Structure formats: C-alpha cells, structure tokens
$ cat run.cif   # mmCIF, C-alpha atoms
data_data
#
loop_
_atom_site.label_atom_id
_atom_site.label_comp_id
_atom_site.auth_asym_id
_atom_site.auth_seq_id
_atom_site.Cartn_x
_atom_site.Cartn_y
_atom_site.Cartn_z
CA MET V 33 0.00 0.00 0.00
CA LYS V 34 2.80 2.37 0.91
CA PRO V 35 4.69 2.01 -2.37
CA ALA V 36 1.46 2.73 -4.25
CA MET V 37 0.92 5.93 -2.24
CA GLU V 38 4.52 7.00 -2.84
CA THR V 39 4.13 6.35 -6.58
CA ALA V 40 0.94 8.46 -6.70
CA ALA V 41 2.65 11.26 -4.82
CA GLU V 42 5.59 11.20 -7.22
CA GLU V 43 3.23 11.34 -10.21
CA ASN V 44 1.38 14.31 -8.71
CA THR V 45 4.72 16.06 -8.10
CA GLU V 46 5.81 15.45 -11.69
CA GLN V 47 2.48 16.74 -13.03
CA SER V 48 2.70 19.89 -10.89
CA GLN V 49 6.26 20.49 -12.11
CA GLU V 50 5.14 20.06 -15.70
CA ARG V 51 2.28 22.54 -15.18
CA LYS V 52 4.68 24.94 -13.51
CA GLY V 53 7.11 24.58 -16.41
CA CYS V 54 4.37 25.26 -18.97
CA PHE V 55 3.20 28.28 -16.98
CA GLU V 56 6.71 29.73 -16.82
CA CYS V 57 7.17 29.09 -20.52
CA CYS V 58 3.91 30.91 -21.30
CA ILE V 59 4.95 33.84 -19.12
CA LYS V 60 8.29 34.07 -20.94
CA CYS V 61 6.58 33.91 -24.34
CA LEU V 62 4.11 36.63 -23.35
CA GLY V 63 7.02 38.70 -22.08
CA GLY V 64 8.64 38.46 -25.51
CA VAL V 65 5.67 40.03 -27.33
CA PRO V 66 6.27 43.67 -28.37
CA TYR V 67 2.86 44.95 -27.30
CA ALA V 68 3.50 48.49 -28.53
CA SER V 69 4.27 47.23 -32.04
CA LEU V 70 1.30 44.86 -31.88
CA VAL V 71 -1.11 47.68 -30.98
CA ALA V 72 0.35 49.90 -33.72
CA THR V 73 0.01 47.07 -36.26
CA ILE V 74 -3.63 46.41 -35.37
CA LEU V 75 -4.41 50.14 -35.55
CA CYS V 76 -2.59 50.43 -38.89
CA PHE V 77 -4.41 47.43 -40.38
CA SER V 78 -7.76 48.73 -39.14
CA GLY V 79 -7.19 52.24 -40.47
CA VAL V 80 -5.97 51.09 -43.88
CA ALA V 81 -8.84 48.59 -44.16
CA LEU V 82 -11.43 51.27 -43.37
CA PHE V 83 -9.86 53.78 -45.75
CA CYS V 84 -9.44 51.36 -48.64
CA GLY V 85 -12.72 49.46 -48.27
CA CYS V 86 -15.01 52.41 -47.58
CA GLY V 87 -13.16 54.70 -49.98
CA HIS V 88 -13.48 52.22 -52.84
CA VAL V 89 -17.25 51.83 -52.42
CA ALA V 90 -17.78 55.56 -51.80
CA LEU V 91 -15.95 56.48 -55.02
CA ALA V 92 -18.17 54.13 -57.00
CA GLY V 93 -21.26 55.71 -55.42
CA THR V 94 -19.98 59.20 -56.21
CA VAL V 95 -19.63 58.33 -59.90
CA ALA V 96 -23.19 56.99 -59.92
CA ILE V 97 -24.54 60.22 -58.37
CA LEU V 98 -22.68 62.38 -60.91
CA GLU V 99 -23.81 60.32 -63.89
CA GLN V 100 -27.46 60.20 -62.85
CA HIS V 101 -27.98 63.77 -61.65
CA PHE V 102 -25.18 66.30 -62.24
CA SER V 103 -23.58 65.28 -65.54
CA THR V 104 -25.80 63.33 -67.91
CA ASN V 105 -23.33 63.64 -70.78
CA THR V 106 -20.64 60.97 -70.41
CA SER V 107 -17.95 63.00 -72.16
CA ASP V 108 -18.23 65.77 -69.54
CA HIS V 109 -17.06 63.56 -66.69
CA ALA V 110 -14.94 61.07 -68.66
CA LEU V 111 -11.70 62.38 -67.14
CA LEU V 112 -13.15 62.25 -63.64
CA SER V 113 -14.26 58.65 -64.18
CA GLU V 114 -10.76 57.68 -65.29
CA VAL V 115 -9.20 59.40 -62.27
CA ILE V 116 -11.61 57.64 -59.89
CA GLN V 117 -10.91 54.30 -61.54
CA LEU V 118 -7.17 54.93 -61.18
CA MET V 119 -7.68 55.83 -57.51
CA GLN V 120 -9.51 52.54 -56.97
CA TYR V 121 -6.53 50.64 -58.38
CA VAL V 122 -4.22 52.69 -56.15
CA ILE V 123 -6.34 51.65 -53.19
CA TYR V 124 -5.62 47.99 -54.01
CA GLY V 125 -1.90 48.74 -54.01
CA ILE V 126 -2.07 50.68 -50.74
CA ALA V 127 -3.88 47.82 -49.01
CA SER V 128 -1.35 45.23 -50.23
CA PHE V 129 1.68 47.37 -49.39
CA PHE V 130 0.59 48.24 -45.87
CA PHE V 131 -0.37 44.65 -45.11
CA LEU V 132 3.19 43.62 -45.92
CA TYR V 133 4.79 46.68 -44.32
CA GLY V 134 2.84 46.22 -41.08
CA ILE V 135 4.00 42.60 -40.80
CA ILE V 136 7.62 43.67 -41.43
CA LEU V 137 7.45 46.34 -38.72
CA LEU V 138 5.87 43.88 -36.30
CA ALA V 139 8.67 41.39 -37.00
CA GLU V 140 11.23 44.15 -36.51
CA GLY V 141 9.62 44.90 -33.17
CA PHE V 142 9.93 41.25 -32.14
CA TYR V 143 13.63 41.13 -32.96
CA THR V 144 14.60 44.42 -31.36
CA THR V 145 12.65 44.27 -28.12
CA SER V 146 14.71 43.71 -25.00
CA ALA V 147 12.52 40.75 -24.03
CA VAL V 148 13.97 38.76 -26.95
CA LYS V 149 17.40 39.10 -25.38
CA GLU V 150 16.11 37.59 -22.15
CA LEU V 151 14.47 34.73 -24.02
CA HIS V 152 17.24 33.74 -26.38
CA GLY V 153 20.33 34.90 -24.55
CA GLU V 154 22.90 37.42 -25.74
CA PHE V 155 22.71 38.57 -29.32
CA LYS V 156 25.09 40.66 -31.34
CA THR V 157 23.98 43.73 -33.21
CA THR V 158 25.60 44.50 -36.54
CA ALA V 159 26.02 47.67 -38.54
CA CYS V 160 23.64 46.21 -41.13
CA GLY V 161 20.94 45.68 -38.50
CA ARG V 162 21.29 49.23 -37.22
CA CYS V 163 21.19 50.53 -40.80
CA ILE V 164 17.97 48.60 -41.48
CA SER V 165 16.38 50.01 -38.32
CA GLY V 166 17.39 53.52 -39.37
CA MET V 167 15.94 52.92 -42.83
CA PHE V 168 12.61 51.87 -41.29
CA VAL V 169 12.59 55.07 -39.21
CA PHE V 170 13.11 57.20 -42.33
CA LEU V 171 10.57 55.26 -44.42
CA THR V 172 7.92 55.40 -41.69
CA TYR V 173 8.48 59.15 -41.35
CA VAL V 174 7.98 59.63 -45.11
CA LEU V 175 4.85 57.46 -45.08
CA GLY V 176 3.49 59.38 -42.10
CA VAL V 177 3.89 62.69 -43.95
CA ALA V 178 2.27 61.17 -47.04
CA TRP V 179 -0.68 59.88 -45.02
CA LEU V 180 -1.18 63.33 -43.55
CA GLY V 181 -1.77 64.46 -47.13
CA VAL V 182 -4.10 61.51 -47.72
CA PHE V 183 -6.02 62.41 -44.56
CA GLY V 184 -6.44 65.98 -45.73
CA PHE V 185 -7.43 64.86 -49.24
CA SER V 186 -10.02 62.41 -47.87
CA ALA V 187 -11.69 65.28 -46.03
CA VAL V 188 -12.49 67.05 -49.34
CA PRO V 189 -15.36 64.74 -50.46
CA VAL V 190 -16.71 64.79 -46.90
CA PHE V 191 -16.84 68.60 -47.10
CA MET V 192 -18.54 68.52 -50.49
CA LEU V 193 -21.20 65.99 -49.51
CA TYR V 194 -21.74 67.75 -46.20
CA ASN V 195 -22.54 70.97 -48.07
CA ILE V 196 -25.07 69.08 -50.20
CA TRP V 197 -26.58 67.41 -47.13
CA SER V 198 -26.81 70.70 -45.20
CA THR V 199 -28.52 72.34 -48.20
CA CYS V 200 -31.06 69.52 -48.26
CA GLU V 201 -31.68 70.04 -44.54
CA VAL V 202 -32.43 73.69 -45.27
CA ILE V 203 -34.94 72.61 -47.91
CA LYS V 204 -36.59 70.18 -45.47
CA SER V 205 -36.83 72.76 -42.68
CA PRO V 206 -40.34 74.04 -41.81
CA GLN V 207 -39.35 77.62 -42.60
CA THR V 208 -38.66 76.88 -46.27
CA ASN V 209 -40.65 73.69 -46.94
CA GLY V 210 -43.59 74.32 -49.25
CA THR V 211 -42.61 77.87 -50.12
CA ALA V 212 -41.71 79.26 -53.52
CA GLY V 213 -38.17 79.97 -52.39
CA VAL V 214 -37.35 76.26 -52.17
CA GLU V 215 -36.70 76.03 -55.90
CA GLN V 216 -34.14 78.82 -55.61
CA ILE V 217 -31.98 76.80 -53.19
CA CYS V 218 -29.43 75.07 -55.39
CA VAL V 219 -26.14 73.17 -55.35
CA ASP V 220 -23.75 73.72 -58.25
CA ILE V 221 -21.27 70.84 -58.24
CA ARG V 222 -19.24 72.54 -60.97
CA GLN V 223 -17.85 75.07 -58.51
CA TYR V 224 -15.79 72.33 -56.87
CA GLY V 225 -13.90 71.73 -60.11
CA ILE V 226 -14.65 68.01 -60.43
CA ILE V 227 -16.67 68.49 -63.63
CA PRO V 228 -16.27 71.23 -66.29
CA TRP V 229 -18.42 74.36 -66.35
CA ASN V 230 -20.12 73.26 -69.57
CA ALA V 231 -21.42 70.07 -67.95
CA PHE V 232 -25.20 69.70 -68.01
CA PRO V 233 -27.13 70.20 -65.80
CA GLY V 234 -24.33 70.75 -63.25
CA LYS V 235 -26.73 72.55 -60.89
CA ILE V 236 -29.64 70.94 -59.03
CA CYS V 237 -32.26 72.92 -57.15
CA GLY V 238 -35.24 72.48 -54.85
CA SER V 239 -37.15 69.20 -54.74
CA ALA V 240 -34.78 67.55 -57.24
CA LEU V 241 -31.90 68.18 -54.83
CA GLU V 242 -33.97 66.80 -51.95
CA ASN V 243 -34.62 63.64 -53.96
CA ILE V 244 -30.86 63.20 -54.46
CA CYS V 245 -30.27 63.42 -50.71
CA ASN V 246 -32.91 60.74 -50.16
CA THR V 247 -31.20 58.25 -52.47
CA ASN V 248 -29.30 55.29 -51.09
CA GLU V 249 -26.17 56.19 -53.13
CA PHE V 250 -25.88 59.60 -51.50
CA TYR V 251 -26.51 58.28 -47.98
CA MET V 252 -23.96 55.46 -48.32
CA SER V 253 -21.31 57.58 -50.07
CA TYR V 254 -21.54 60.36 -47.49
CA HIS V 255 -21.13 58.08 -44.49
CA LEU V 256 -18.53 55.87 -46.18
CA PHE V 257 -16.40 58.92 -46.96
CA ILE V 258 -16.60 59.90 -43.28
CA VAL V 259 -15.46 56.42 -42.23
CA ALA V 260 -12.68 56.47 -44.84
CA CYS V 261 -11.47 59.83 -43.50
CA ALA V 262 -11.49 58.39 -39.96
CA GLY V 263 -9.52 55.38 -41.23
CA ALA V 264 -6.91 57.68 -42.75
CA GLY V 265 -6.63 59.49 -39.41
CA ALA V 266 -6.20 56.17 -37.58
CA THR V 267 -3.44 55.22 -40.02
CA VAL V 268 -1.64 58.50 -39.33
CA ILE V 269 -1.82 57.80 -35.59
CA ALA V 270 -0.53 54.25 -36.16
CA LEU V 271 2.43 55.50 -38.21
CA ILE V 272 3.30 58.07 -35.53
CA HIS V 273 3.15 55.24 -32.99
CA PHE V 274 5.40 53.11 -35.22
CA LEU V 275 7.81 56.03 -35.58
CA MET V 276 8.18 56.35 -31.81
CA ILE V 277 8.69 52.58 -31.47
CA LEU V 278 11.27 52.42 -34.24
CA SER V 279 13.18 55.39 -32.84
CA SER V 280 13.26 53.70 -29.44
CA ASN V 281 14.39 50.40 -30.97
CA TRP V 282 17.11 52.15 -32.97
CA ALA V 283 18.40 53.84 -29.81
CA TYR V 284 18.32 50.47 -28.06
CA LEU V 285 20.37 48.86 -30.84
CA LYS V 286 22.82 51.74 -30.74
CA ASP V 287 23.32 51.34 -26.98
CA ALA V 288 23.57 47.58 -27.40
CA SER V 289 26.32 47.99 -30.01
CA LYS V 290 28.27 50.26 -27.66
CA MET V 291 27.88 47.75 -24.84
CA GLN V 292 28.93 44.98 -27.19
CA ALA V 293 32.09 46.89 -28.17
CA TYR V 294 32.87 47.53 -24.50
CA GLN V 295 32.42 43.87 -23.63
CA ASP V 296 34.64 42.81 -26.53
CA ILE V 297 37.41 45.18 -25.40
CA LYS V 298 37.03 44.01 -21.82
CA ALA V 299 37.19 40.34 -22.82
CA LYS V 300 40.24 41.02 -24.96
CA GLU V 301 42.02 42.79 -22.09
CA GLU V 302 41.16 39.98 -19.68
CA GLN V 303 42.49 37.42 -22.15
CA GLU V 304 45.72 39.39 -22.55
CA LEU V 305 46.05 39.62 -18.75
CA GLN V 306 45.56 35.89 -18.42
CA ASP V 307 48.18 35.27 -21.10
CA ILE V 308 50.66 37.52 -19.29
CA GLN V 309 49.99 35.78 -16.00
CA SER V 310 50.38 32.33 -17.56
CA ARG V 311 53.70 33.32 -19.20
CA SER V 312 54.93 34.73 -15.91
CA LYS V 313 54.12 31.49 -14.12
CA GLU V 314 55.91 29.50 -16.80
CA GLN V 315 59.02 31.66 -16.44
CA LEU V 316 59.00 31.28 -12.64
CA ASN V 317 58.64 27.55 -12.98
CA SER V 318 61.59 27.43 -15.37
CA TYR V 319 63.85 29.20 -12.84
CA THR V 320 62.92 26.91 -9.96
#
$ encode --input "run.cif" --output "structure tokens"
Amino acid sequence: MKPAMETAAEENTEQSQERKGCFECCIKCLGGVPYASLVATILCFSGVALFCGCGHVALAGTVAILEQHFSTNTSDHALLSEVIQLMQYVIYGIASFFFLYGIILLAEGFYTTSAVKELHGEFKTTACGRCISGMFVFLTYVLGVAWLGVFGFSAVPVFMLYNIWSTCEVIKSPQTNGTAGVEQICVDIRQYGIIPWNAFPGKICGSALENICNTNEFYMSYHLFIVACAGAGATVIALIHFLMILSSNWAYLKDASKMQAYQDIKAKEEQELQDIQSRSKEQLNSYT
C-alpha cells in the first residue's frame, strides 16, 4: 500500500512540475511580445482597411450620383471617371503594401525588443541591423507625412457631400418647406472643379436636390467617406506610434552595439592579462 501511495505522490509532483514549467514558458513567451508594435500594427491594419474598403465603395457611389444627376453627358465627366478608376486601383496597391509593411514592422519589433534578449540569450547587433532600423525610421516618417496628405485629401469629399446634405436640410426645414423659395436653393457641383463648367445640368435645385439626398447612393457615399477619413486618421496615428517605437528600438540597438564593443574590449584585455599571468608562471617555474 505504501509504495502505491509514494508512486501516486511522485506522479502528482511530476504533473505539478510540468504545469509549472508550462506556466513559466507561457509567461516568458508573453514577455517576448512587443505589445506596442502589436497595438500599432492592429491600428494600422484597421485604419488602412477602413480607408481602402469604404473609400473604394464611396468612389463608386460618387460616380453613380454624378452620372445620374449632375452630368448626364458621359464626355463631360470622362476624365473624372478615369481618375476615380485609377484611384480605386491605387487603393488595391495601398492595401497590399501596408499589409506587408505592417507585418515587417511587427517582425522588426519582435527582434529588437529587450525581451527577446532575455528569451534567447545574448545577441550581437551588426552595422547592417542598425542601418535597417534607421531605414525603417526614415521610411515610416515619409509614409506618415504622405498619409497626412491623404487624410487631408479624404476630407475634401466629406466637405462637399456635407454641403449638399446641409442644403437639403435647409430645404426640409419648416421655414422653407412648401414655399416658392425652395426652388431657388441650389447646389452647383461645378464650382468644386470636379466636372467642367459646360457640364449639363451641373446645378440641381429644390425638390430635385432633396430627392438626391434621399437616395441610397448619397446616404452610403456620405457616411462611407466619413469612415474612410477616420480610417486615414487612424493610419496616421498608427504611423506616428510606429515612428516612436522604431526610434526607441534604434536607440536600443545603438546602446547595445556600444555595450557589445565595451564587452569585446574588456574580454580582450582579460584574455591578454591571463596570457601575461600564464607566461609569468611558466618563467617562474623554469627558474625553480
């Protein structure tokens, strides 16, 4: 009976040690995750996805509104249609590029965080590694400035559609609804420069303008442009976050390279001292 109890106790001890080992391993793995880079990556992916997805659909809805109401002649908005189609293809490229770039920056965060050093022991930084980190800092800075421009550009259609929506709200208001002055409230889309001045009709007034605001294309395009603008803003914030992380990682690599050089010099001096001491002992032994 006693040996059986001892065997059961030993098995329980082994199982508890295994659970403890797995727990410690999980803690070490979680400690090796660069949470700042992970948050920035998720924010970047979310912002780019909102901008690209909503922007693509909103551009298609904008073309439909122009063709059906503001520019019935196809030749008047042919250039605009080509530009919008080109922008939709650019959106595909932006989505693909930032998906790859976000993964690269996340991987760079994994390999430069100090927790990786604790997990995998000492590592040596090279001039190439520091150069790559510096290149990522410069590239992220350039992309951040570019996305500031994209954020400002994405606010333009929001402003245009907001003006149309606010004009429709004026038409729907009790003060103007049902009066003769309603038909004098107009929106001339040609003043924004997206279609030429000879486009027909170009200007919509009164109840016709109210009908445009009640269409599903206008409602979806307006709100999708707002979401796309918010996505561009989130991407700018993510790139600023990445820039701070990369700058910190680059400074960490720079300090690590200095410490590595100091340790190499120290090890070399200790080896030389040991060689001198060993030669001195050999000479003393030869005299005795």
$ closest_residue --input "run.cif" --among "V:Leu112, V:Ile227, V:Val65, V:Glu242" --to "Val214 (chain V)" --atoms "all atoms listed in the file"
V:Glu242
$ resolve_selection --input "run.cif" --expression "the PyMOL selection byres ((chain V and resi 260-275) around 8)" --output "PyMOL selection string"
chain V and resi 69+72-73+75-87+137+169+172-173+175-176+179-180+182-183+186-187+190+256-259+276-279
$ closest_residue --input "run.cif" --among "V:Leu305, V:Ala110, V:Val122, V:Cys200" --to "Ile244 (chain V)" --atoms "all atoms listed in the file"
V:Cys200
$ atom_distance --input "run.cif" --atom1 "CA of Val95 (chain V)" --atom2 "CA of Ser113 (chain V)"
6.9 Å
$ residues_around --input "run.cif" --residues "Asp220 (chain V)" --least-positions-apart "2" --cutoff "6 Å" --atoms "all atoms listed in the file" --output "mmCIF file with C-alpha atoms, in the coordinates of the input"
data_model
loop_
_atom_site.group_PDB
_atom_site.id
_atom_site.type_symbol
_atom_site.label_atom_id
_atom_site.label_comp_id
_atom_site.auth_asym_id
_atom_site.auth_seq_id
_atom_site.Cartn_x
_atom_site.Cartn_y
_atom_site.Cartn_z
ATOM 1 C CA ARG V 222 -19.240 72.540 -60.970
ATOM 2 C CA GLY V 234 -24.330 70.750 -63.250
ATOM 3 C CA LYS V 235 -26.730 72.550 -60.890
#
$ atom_distance --input "run.cif" --atom1 "CA of Lys204 (chain V)" --atom2 "CA of Met192 (chain V)"
18.8 Å
$ resolve_selection --input "run.cif" --expression "the PyMOL selection byres ((chain V and resi 193-196) around 9)" --output "list in words"
Val188, Pro189, Val190, Phe191, Met192, Trp197, Ser198, Thr199, Cys200, Glu201, Val219, Leu241, Cys245, Phe250, Ser253, Tyr254 and Phe257 of chain V
$ atom_distance --input "run.cif" --atom1 "CA of His255 (chain V)" --atom2 "CA of Glu99 (chain V)"
19.7 Å
$ closest_residue --input "run.cif" --among "V:Met167, V:His109, V:Lys300, V:Asn281" --to "Tyr143 (chain V)" --atoms "all atoms listed in the file"
V:Asn281
